[in-house]
$ cat start-v6.cif   # mmCIF, C-alpha atoms
data_input
#
loop_
_atom_site.label_atom_id
_atom_site.label_comp_id
_atom_site.auth_asym_id
_atom_site.auth_seq_id
_atom_site.Cartn_x
_atom_site.Cartn_y
_atom_site.Cartn_z
CA MET A 128 0.00 0.00 0.00
CA ASN A 129 2.89 2.37 0.72
CA LYS A 130 4.29 1.80 -2.77
CA LYS A 131 0.95 2.87 -4.37
CA ILE A 132 1.02 6.14 -2.43
CA SER A 133 4.62 6.79 -3.45
CA ARG A 134 3.84 6.34 -7.13
CA PHE A 135 0.78 8.56 -6.85
CA LEU A 136 2.87 11.33 -5.34
CA VAL A 137 5.39 11.05 -8.17
CA VAL A 138 2.65 11.39 -10.81
CA ALA A 139 1.10 14.35 -8.97
CA ALA A 140 4.42 16.11 -8.92
CA LEU A 141 4.80 15.62 -12.66
CA LEU A 142 1.37 17.08 -13.26
CA GLY A 143 2.26 20.09 -11.12
CA LEU A 144 5.27 20.74 -13.33
CA VAL A 145 3.10 20.52 -16.48
CA LEU A 146 0.60 22.99 -15.10
CA ALA A 147 3.35 25.38 -14.10
CA GLY A 148 4.68 25.22 -17.62
CA ALA A 149 1.22 26.05 -19.02
CA GLN A 150 1.08 29.21 -16.94
CA CYS A 151 4.40 30.24 -18.32
CA HIS A 152 2.97 29.92 -21.83
CA GLY A 153 0.25 32.43 -20.88
CA LEU A 154 2.97 34.96 -20.72
CA GLY A 155 3.54 34.64 -24.45
CA VAL A 156 4.48 31.11 -25.02
CA ASN A 157 1.75 28.85 -26.38
CA PRO A 158 2.49 25.28 -25.82
CA VAL A 159 1.23 22.78 -28.27
CA ILE A 160 -0.73 20.02 -26.61
CA SER A 161 -1.23 17.17 -28.99
CA ALA A 162 -3.65 15.24 -26.79
CA PRO A 163 -5.77 15.99 -23.81
CA LEU A 164 -4.57 14.67 -20.40
CA PRO A 165 -6.79 12.19 -18.88
CA ALA A 166 -8.90 13.50 -16.09
CA THR A 167 -8.11 10.56 -13.84
CA VAL A 168 -4.87 8.66 -13.47
CA THR A 169 -5.15 5.13 -12.00
CA LEU A 170 -2.02 3.56 -10.57
CA THR A 171 -1.92 -0.18 -10.42
CA PHE A 172 0.59 -1.94 -8.09
CA SER A 173 1.46 -5.53 -8.78
CA PRO A 174 3.58 -6.97 -5.98
CA SER A 175 6.40 -9.25 -6.99
CA PRO A 176 5.77 -12.78 -5.91
CA LEU A 177 7.85 -13.91 -2.94
CA PRO A 178 10.39 -16.59 -3.77
CA SER A 179 9.37 -20.00 -2.62
CA LEU A 180 11.62 -21.68 -0.07
CA THR A 181 12.76 -25.04 -1.26
CA PRO A 182 14.40 -27.14 1.49
CA THR A 183 17.94 -28.06 0.57
CA ALA A 184 18.24 -30.95 3.01
CA THR A 185 15.89 -33.50 4.43
CA PHE A 186 16.36 -34.42 8.12
CA THR A 187 16.00 -38.07 8.81
CA ARG A 188 15.80 -39.20 12.44
CA THR A 189 18.30 -41.83 13.36
CA PRO A 190 16.47 -44.78 14.83
CA THR A 191 17.18 -45.57 18.46
CA PHE A 192 18.99 -48.88 18.97
CA THR A 193 16.87 -51.34 20.82
CA PRO A 194 18.73 -54.46 22.00
CA THR A 195 17.06 -57.58 20.83
CA HIS A 196 18.56 -59.77 23.56
CA THR A 197 19.68 -59.08 27.12
CA SER A 198 22.19 -61.57 28.47
CA THR A 199 21.46 -62.96 31.91
CA PRO A 200 24.57 -63.87 33.95
CA THR A 201 24.86 -67.54 34.72
CA PRO A 202 24.54 -67.99 38.49
CA GLN A 203 27.66 -69.39 40.10
CA PRO A 204 27.26 -72.42 42.34
CA THR A 205 27.37 -71.58 46.03
CA ALA A 206 30.20 -73.32 47.79
CA THR A 207 29.03 -75.60 50.54
CA PRO A 208 31.16 -75.03 53.64
CA THR A 209 33.16 -78.07 54.61
CA PRO A 210 32.54 -78.93 58.24
CA SER A 211 35.75 -78.49 60.17
CA ALA A 212 36.87 -81.28 62.39
CA THR A 213 37.20 -80.59 66.09
CA PRO A 214 40.86 -79.64 66.54
CA THR A 215 42.97 -81.94 68.66
CA PRO A 216 44.65 -80.03 71.49
CA GLU A 217 48.29 -79.33 70.67
CA TYR A 218 49.26 -80.50 74.16
CA PRO A 219 47.29 -82.95 76.31
CA PRO A 220 45.51 -81.13 79.17
CA VAL A 221 45.70 -82.40 82.75
CA THR A 222 44.11 -81.52 86.09
CA VAL A 223 45.94 -81.62 89.44
CA LYS A 224 44.29 -83.89 92.02
CA MET A 225 46.67 -83.49 94.97
CA GLN A 226 49.05 -80.95 96.42
CA ALA A 227 52.56 -81.47 95.03
CA ASN A 228 55.81 -79.82 94.05
CA CYS A 229 56.63 -79.01 90.43
CA ARG A 230 60.41 -79.30 89.99
CA TYR A 231 63.33 -78.35 87.74
CA GLY A 232 63.85 -81.97 86.73
CA PRO A 233 62.03 -85.32 86.52
CA GLY A 234 62.53 -86.53 90.09
CA THR A 235 62.22 -85.59 93.73
CA ALA A 236 65.99 -84.99 93.80
CA TYR A 237 65.58 -81.76 91.82
CA LEU A 238 64.95 -78.34 93.31
CA TYR A 239 61.43 -77.00 93.86
CA ARG A 240 60.10 -74.78 91.05
CA TRP A 241 56.35 -74.28 91.62
CA GLY A 242 53.51 -75.42 93.85
CA LEU A 243 50.56 -77.45 92.51
CA TYR A 244 47.14 -77.64 94.19
CA PRO A 245 43.96 -79.67 93.53
CA GLY A 246 42.01 -78.25 90.60
CA ASP A 247 44.99 -76.54 88.95
CA LYS A 248 45.10 -76.91 85.16
CA ALA A 249 48.13 -77.58 82.98
CA ASP A 250 49.13 -79.10 79.66
CA VAL A 251 51.83 -81.68 79.09
CA ARG A 252 54.74 -80.53 76.90
CA GLY A 253 57.07 -83.52 77.38
CA ARG A 254 58.00 -86.51 79.53
CA ASN A 255 60.97 -88.43 80.87
CA TRP A 256 62.23 -91.68 79.31
CA ASN A 257 59.58 -93.97 80.91
CA GLY A 258 56.72 -91.45 81.21
CA THR A 259 56.65 -91.38 85.01
CA TRP A 260 57.25 -87.60 85.04
CA TYR A 261 55.54 -84.97 82.90
CA TRP A 262 57.11 -81.72 81.80
CA ILE A 263 54.08 -79.45 82.16
CA HIS A 264 53.03 -75.86 81.65
CA PRO A 265 50.82 -74.84 84.60
CA TYR A 266 48.23 -72.31 83.45
CA ASN A 267 48.97 -70.16 86.51
CA LEU A 268 52.74 -70.14 85.87
CA GLU A 269 53.23 -67.59 83.12
CA GLY A 270 55.91 -68.34 80.55
CA ALA A 271 57.54 -71.29 82.39
CA ASN A 272 57.37 -75.07 82.69
CA CYS A 273 58.31 -77.59 85.36
CA TRP A 274 58.32 -81.32 86.10
CA ALA A 275 55.65 -83.20 88.05
CA SER A 276 55.05 -86.88 88.72
CA GLU A 277 52.31 -88.64 86.77
CA ILE A 278 50.58 -89.61 90.03
CA VAL A 279 49.74 -85.94 90.67
CA PHE A 280 47.14 -85.75 87.88
CA GLU A 281 43.65 -87.11 87.32
CA GLU A 282 44.37 -88.02 83.69
CA ARG A 283 46.78 -90.53 82.19
CA VAL A 284 48.43 -89.13 79.08
CA ASP A 285 48.93 -91.12 75.88
CA LEU A 286 52.71 -91.30 75.88
CA SER A 287 52.80 -91.64 72.08
CA GLN A 288 51.55 -88.03 71.88
CA VAL A 289 54.24 -86.66 74.22
CA PRO A 290 57.95 -86.50 73.28
CA VAL A 291 60.82 -87.41 75.56
CA VAL A 292 62.62 -84.17 76.46
CA ASN A 293 65.92 -83.31 78.12
CA ILE A 294 65.62 -79.86 79.63
CA PRO A 295 68.79 -78.01 80.76
CA LEU A 296 68.95 -77.27 84.45
CA PRO A 297 68.95 -73.64 85.63
CA HIS A 298 72.51 -72.44 86.06
CA THR A 299 73.90 -70.57 89.05
CA THR A 300 77.01 -68.43 89.30
CA PHE A 301 76.96 -68.40 93.10
CA ALA A 302 78.50 -71.85 93.46
CA GLY A 303 81.24 -73.74 91.65
CA PRO A 304 81.33 -77.45 90.83
CA PRO A 305 82.69 -79.96 93.34
CA GLY A 306 86.41 -80.74 93.21
CA ASN A 307 88.51 -83.88 93.66
CA VAL A 308 85.75 -86.22 92.46
CA ARG A 309 86.53 -89.97 92.90
CA ALA A 310 84.67 -93.27 92.38
CA VAL A 311 85.55 -96.71 93.84
CA ARG A 312 83.92 -100.05 93.01
CA GLU A 313 83.42 -102.91 95.48
CA GLY A 314 81.52 -105.68 93.67
CA ASP A 315 78.14 -104.26 92.63
CA ARG A 316 78.63 -101.10 94.65
CA VAL A 317 80.22 -97.87 93.45
CA THR A 318 80.97 -95.13 95.95
CA VAL A 319 81.48 -91.58 94.66
CA THR A 320 83.17 -88.94 96.86
CA TRP A 321 84.24 -85.27 96.40
CA ASP A 322 85.38 -82.22 98.31
CA ASP A 323 82.66 -80.23 100.00
CA VAL A 324 81.74 -76.85 98.48
CA PRO A 325 81.38 -74.17 101.18
CA LEU A 326 78.12 -72.20 100.97
CA SER A 327 76.04 -70.16 103.40
CA GLU A 328 73.07 -71.98 104.87
CA ASP A 329 70.54 -69.81 103.05
CA LYS A 330 72.05 -70.81 99.67
CA ARG A 331 73.13 -74.39 100.33
CA ARG A 332 70.98 -77.05 98.66
CA GLY A 333 73.41 -80.01 98.74
CA TYR A 334 74.47 -81.96 95.63
CA LEU A 335 72.81 -83.60 92.65
CA ILE A 336 74.00 -86.74 90.81
CA GLU A 337 72.50 -87.78 87.46
CA ALA A 338 73.72 -91.36 87.02
CA MET A 339 73.10 -94.27 84.65
CA VAL A 340 73.48 -97.58 86.51
CA CYS A 341 73.08 -101.25 85.65
CA GLN A 342 70.30 -103.03 87.53
CA ASN A 343 68.65 -106.32 86.61
CA GLY A 344 70.58 -106.40 83.34
CA VAL A 345 69.35 -102.98 82.17
CA VAL A 346 71.03 -99.57 82.36
CA ILE A 347 68.55 -97.11 83.87
CA PRO A 348 68.72 -93.45 84.95
CA PHE A 349 69.17 -92.96 88.69
CA ILE A 350 68.86 -89.36 89.99
CA VAL A 351 69.78 -88.61 93.59
CA HIS A 352 70.17 -85.66 95.93
CA THR A 353 72.53 -85.74 98.88
CA ASP A 354 73.61 -83.23 101.52
CA THR A 355 76.92 -84.99 102.16
CA ALA A 356 80.02 -85.16 99.96
CA SER A 357 79.59 -88.85 99.03
CA TYR A 358 77.06 -91.37 97.70
CA THR A 359 77.04 -95.14 97.07
CA PHE A 360 75.20 -96.68 94.09
CA LYS A 361 74.19 -100.25 93.31
CA ASP A 362 75.68 -100.88 89.89
CA GLU A 363 75.84 -104.40 88.52
CA THR A 364 78.43 -105.49 86.00
CA GLY A 365 76.32 -107.58 83.64
CA CYS A 366 75.03 -104.79 81.33
CA GLY A 367 76.37 -104.24 77.85
CA GLU A 368 76.28 -100.44 78.27
CA LYS A 369 78.72 -98.61 80.51
CA SER A 370 77.48 -96.85 83.62
CA GLY A 371 78.39 -93.27 84.46
CA GLY A 372 77.19 -90.03 85.96
CA LEU A 373 77.38 -86.24 86.39
CA LEU A 374 77.84 -84.40 89.71
CA TYR A 375 76.50 -80.86 90.42
CA THR A 376 76.58 -78.44 93.33
CA ALA A 377 73.02 -77.35 94.12
CA GLU A 378 72.35 -73.73 95.13
CA LYS A 379 68.99 -72.05 95.70
CA HIS A 380 69.19 -70.27 92.33
CA GLY A 381 70.14 -73.39 90.35
CA TYR A 382 73.06 -75.71 89.67
CA SER A 383 76.78 -75.40 89.04
CA ASP A 384 78.46 -76.73 85.94
CA PRO A 385 78.53 -80.54 86.05
CA VAL A 386 81.57 -82.70 86.72
CA VAL A 387 81.87 -86.07 84.94
CA ILE A 388 82.29 -88.87 87.47
CA PRO A 389 85.24 -91.19 86.64
CA TRP A 390 83.08 -94.31 86.85
CA PRO A 391 85.08 -97.51 87.50
#
$ encode --input "start-v6.cif" --output "structure tokens"
Amino acid sequence: MNKKISRFLVVAALLGLVLAGAQCHGLGVNPVISAPLPATVTLTFSPSPLPSLTPTATFTRTPTFTPTHTSTPTPQPTATPTPSATPTPEYPPVTVKMQANCRYGPGTAYLYRWGLYPGDKADVRGRNWNGTWYWIHPYNLEGANCWASEIVFEERVDLSQVPVVNIPLPHTTFAGPPGNVRAVREGDRVTVTWDDVPLSEDKRRGYLIEAMVCQNGVVIPFIVHTDTASYTFKDETGCGEKSGGLLYTAEKHGYSDPVVIPWP
């Protein structure tokens, strides 16, 4: 519509110029008009058609991938727990049935180590050669073991489960070994003598002899304690193995180094 108005204004301006020229001819100039002007001028506006939009590309939606099969994990078999066997105690347990002394060695000749009372519990860690003494760990004696006779306990231990042990004696530096040790045989008797070791009464514990003697055709261990500076053994001569022994000074803290007895 604005374009029609603009064209109309242009035509009107042209007409104004023509009329002004006609007035100038009235002053002496006669224009020659070959044809009359139309009384009405009609302006026709034909709008140019808009260009059509032609799509240059076609959008195609990419299809969404839909899995055709979903794998199901194969269940693993559940392991059936294997029933565990009841563990066998590492050391056979025992119960004390009478008051007794627990000692440093397998015999009453050895020094006192610990007191045992009815109801006390222990386990057996070892034994002597014939199983008459047990090397035990009392539960109320922390970090230490001692020897007690088999008759002290309610239970009898299967000796095949308990090893034979040789436990070193506690050593003392307060007493030296006996000197001038001698041994004399008279038939089946061997008498061992030595010089006395002087000690104060509070430390003196006598002497210990660990001997192997022949009796009834068999060499057996024979452990003795004595407060005097001599001891006589019964030692037969019919055994194939040689008899012998070790002599110690006993002191309340332990034992001196041993002296080998010159057995005849």
$ closest_residue --input "start-v6.cif" --among "A:Val345, A:Ala302, A:Val223, A:Leu335" --to "Leu374 (chain A)" --atoms "all atoms listed in the file"
A:Leu335
$ residues_around --input "start-v6.cif" --residues "region 378-386 of chain A" --least-positions-apart "2" --cutoff "6 Å" --atoms "all atoms listed in the file" --output "NGL selection string"
:A and (297-299 or 302-304 or 330-332 or 373-376)
$ closest_residue --input "start-v6.cif" --among "A:Ala377, A:Val291, A:Tyr239, A:Tyr244" --to "Trp260 (chain A)" --atoms "all atoms listed in the file"
A:Val291
$ residues_around --input "start-v6.cif" --residues "Ala236 (chain A)" --least-positions-apart "2" --cutoff "6 Å" --atoms "all atoms listed in the file" --output "ChimeraX atom specification"
/A:234,351-352
$ closest_residue --input "start-v6.cif" --among "A:Tyr358, A:Trp256, A:Trp274, A:Tyr266" --to "Ile388 (chain A)" --atoms "all atoms listed in the file"
A:Tyr358
$ resolve_selection --input "start-v6.cif" --expression "the PyMOL selection byres ((chain A and resi 276-286) around 7)" --output "number ranges by chain"
A: 219, 221-225, 227, 258-261, 274-275, 287-289
$ resolve_selection --input "start-v6.cif" --expression "the PyMOL selection byres ((chain A and resi 265) around 7)" --output "PyMOL selection string"
chain A and resi 248-250+263-264+266-268+272
$ write_last_selection --input "start-v6.cif" --atoms "C-alpha atoms" --output "mmCIF file, keeping the file's coordinate frame"
data_model
loop_
_atom_site.group_PDB
_atom_site.id
_atom_site.type_symbol
_atom_site.label_atom_id
_atom_site.label_comp_id
_atom_site.auth_asym_id
_atom_site.auth_seq_id
_atom_site.Cartn_x
_atom_site.Cartn_y
_atom_site.Cartn_z
ATOM 1 C CA LYS A 248 45.100 -76.910 85.160
ATOM 2 C CA ALA A 249 48.130 -77.580 82.980
ATOM 3 C CA ASP A 250 49.130 -79.100 79.660
ATOM 4 C CA ILE A 263 54.080 -79.450 82.160
ATOM 5 C CA HIS A 264 53.030 -75.860 81.650
ATOM 6 C CA TYR A 266 48.230 -72.310 83.450
ATOM 7 C CA ASN A 267 48.970 -70.160 86.510
ATOM 8 C CA LEU A 268 52.740 -70.140 85.870
ATOM 9 C CA ASN A 272 57.370 -75.070 82.690
#
